[in-house]
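J.: Before we start, here is the structure in question, set down as structure tokens.
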Amino acid sequence: MAPFSRSPVMQHIDRKSLYTSLEARIRYLHSFLDFGANDVEALTSGSKYIQALIPAVVNIVYKKLLQYDITARAFQTRSTAFEGPMDDVPDEDSPQILHRKMFLRAYLKKLCTDPTQMEFWEYLDKVGMMHTGIGRTYPLHIEYMHIGAGLAVIQDVLTEAILSHPRLHLARKIALVKALGKVIWIQNDLFTKWYVHDGEEFTDGMDFGVIEKEGWLHGKKVLDDEAVAAATSESEASDDTATGSPAARRGKSSSAPAKGVCPFTSMGASMGDLKVSDDKDGGAPPKVETAGAGE
């Protein structure tokens, strides 16, 4: 006779808390997506690879955004932090685009910080809020359709680059791709949180406190001048090594990669000094203890 099997105990999730408590929402998403210690370790050990890819990711994202008038028109609205000249019809060398690229570099670098801290997820939530125009001196509402498409491009580029890495062990590649995918989809949820109307019966009239202006979290700059400058400097140095030409750093490489060829094939040289110490059992990442929301 087959042994009796009992179904796992069903967890109770308070629906109201998902719409009124960011920490409860993050805890639920971590549980549902099985975001745990192995993901944290994969992101921590793989952050150097992600950072090496940032310049190329930024150039690809903005090349894509400037390919369509419906997404390019967002750059005709002045950013709160940018007071310089603006081109009416922006291209990749326009002052406002160079400024936005700088902050996208800093954002991607921020994704390489500690995801065990609640502030990491608060920052991602703030990014979602800013794209609805809340807290900005010059309100700019980006329609969600373009947000989702933009995140898909970032995920696609990072996935291809990581899986194409010539020396990274397959187990490490899989772990990093999975962990990044979970973070990007949680970021996606923290965008939709500000766009969709689900749960409005709980939040209608809710006092969210002081809406901090763009670039600030808990009374301090999220990306201060030093952090932005450091991210830009590191990205430009990596970009210079990877592409070998100033024109390519501006997203104007003389030739595009052939169809079906990974755009990061030539980046192997820039990662030559990166070593991966895989375990003898196949390179499975070790478990680590974590603290903070979701564990």
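Ordering of the structure tokens sets the chain letters (A, B, ...); residue numbers start at 1 within each chain; ligands are numbered from 1 in the order shown.
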Please list as a VMD selection string every residue within 12 Å of A:Ser21, counting only C-alpha atoms and excluding residues in the same chain fewer than 5 positions away.
T.: chain A and resid 14 to 16 26 to 28 122 125 193 199 202 to 203 206 208 293
J.: Using DSSP secondary structure from the backbone, list all alpha helix (DSSP H) positions within stretch 31-155 of chain A, as a ChimeraX atom specification.
T.: /A:31-32,37-65,69-72,95-110,118-130,144-155
J.: Please produce a file of the residues just selected, as a short mmCIF file (atom, residue, chain, number, x, y, z; two decimals), in the first residue's frame, where the atoms kept are C-alpha atoms.
T.:
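Result went into part_18.cif, see below:
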data_model
loop_
_atom_site.label_atom_id
_atom_site.label_comp_id
_atom_site.auth_asym_id
_atom_site.auth_seq_id
_atom_site.Cartn_x
_atom_site.Cartn_y
_atom_site.Cartn_z
CA SER A 31 8.62 33.32 -0.85
CA PHE A 32 6.63 32.84 -4.08
CA ALA A 37 20.31 32.35 0.10
CA ASN A 38 21.48 30.76 -3.16
CA ASP A 39 20.18 33.73 -5.15
CA VAL A 40 21.90 36.17 -2.83
CA GLU A 41 25.18 34.28 -3.18
CA ALA A 42 24.84 34.15 -6.98
CA LEU A 43 24.22 37.89 -7.18
CA THR A 44 27.08 38.66 -4.80
CA SER A 45 29.65 36.48 -6.54
CA GLY A 46 28.39 37.47 -9.99
CA SER A 47 28.23 41.22 -9.45
CA LYS A 48 31.64 41.73 -11.08
CA TYR A 49 30.37 40.18 -14.30
CA ILE A 50 27.22 42.30 -14.30
CA GLN A 51 29.21 45.48 -13.70
CA ALA A 52 31.50 44.66 -16.62
CA LEU A 53 28.42 44.54 -18.86
CA ILE A 54 26.85 47.82 -17.70
CA PRO A 55 28.29 50.09 -20.46
CA ALA A 56 27.06 47.80 -23.22
CA VAL A 57 23.63 47.37 -21.58
CA VAL A 58 23.18 51.14 -21.25
CA ASN A 59 24.10 51.76 -24.89
CA ILE A 60 21.76 49.03 -26.14
CA VAL A 61 18.85 50.25 -24.00
CA TYR A 62 19.13 53.85 -25.16
CA LYS A 63 19.67 52.85 -28.78
CA LYS A 64 16.39 50.94 -28.50
CA LEU A 65 14.52 53.79 -26.76
CA ASP A 69 9.24 58.24 -31.47
CA ILE A 70 6.79 57.09 -28.79
CA THR A 71 9.63 56.26 -26.38
CA ALA A 72 12.05 58.97 -27.52
CA PRO A 95 23.05 66.27 -23.46
CA GLN A 96 19.87 64.91 -21.87
CA ILE A 97 20.60 61.39 -23.17
CA LEU A 98 24.18 61.42 -21.84
CA HIS A 99 22.73 62.55 -18.49
CA ARG A 100 20.12 59.77 -18.47
CA LYS A 101 22.75 57.19 -19.42
CA MET A 102 24.78 58.24 -16.39
CA PHE A 103 21.87 57.48 -14.08
CA LEU A 104 21.02 54.20 -15.77
CA ARG A 105 24.65 53.15 -15.16
CA ALA A 106 24.27 54.08 -11.50
CA TYR A 107 20.94 52.21 -11.30
CA LEU A 108 22.43 49.02 -12.74
CA LYS A 109 25.34 49.34 -10.34
CA LYS A 110 22.83 49.68 -7.51
CA MET A 118 15.18 46.31 2.86
CA GLU A 119 16.65 49.55 1.52
CA PHE A 120 17.57 47.68 -1.68
CA TRP A 121 13.89 46.94 -2.35
CA GLU A 122 12.78 50.39 -1.17
CA TYR A 123 15.05 51.84 -3.84
CA LEU A 124 13.45 49.64 -6.52
CA ASP A 125 10.03 50.76 -5.31
CA LYS A 126 11.10 54.40 -5.52
CA VAL A 127 12.20 53.84 -9.12
CA GLY A 128 8.69 52.62 -9.88
CA MET A 129 7.12 55.65 -8.25
CA MET A 130 9.32 58.15 -10.11
CA TYR A 144 3.70 50.99 -18.29
CA MET A 145 3.82 49.23 -21.66
CA HIS A 146 7.20 50.83 -22.38
CA ILE A 147 8.46 50.11 -18.86
CA GLY A 148 7.79 46.40 -19.27
CA ALA A 149 9.41 46.34 -22.71
CA GLY A 150 12.48 48.16 -21.38
CA LEU A 151 12.93 45.69 -18.53
CA ALA A 152 12.61 42.83 -21.02
CA VAL A 153 15.46 44.29 -23.10
CA ILE A 154 17.69 44.57 -20.02
CA GLN A 155 16.92 40.99 -19.00
#
J.: When you draw a straight line from atom CA of A:Leu111 to atom CA of A:Asp34, how long is it in Å?
T.: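 Atom-to-atom, atom CA of A:Leu111 to atom CA of A:Asp34, that is 18.5 Å.
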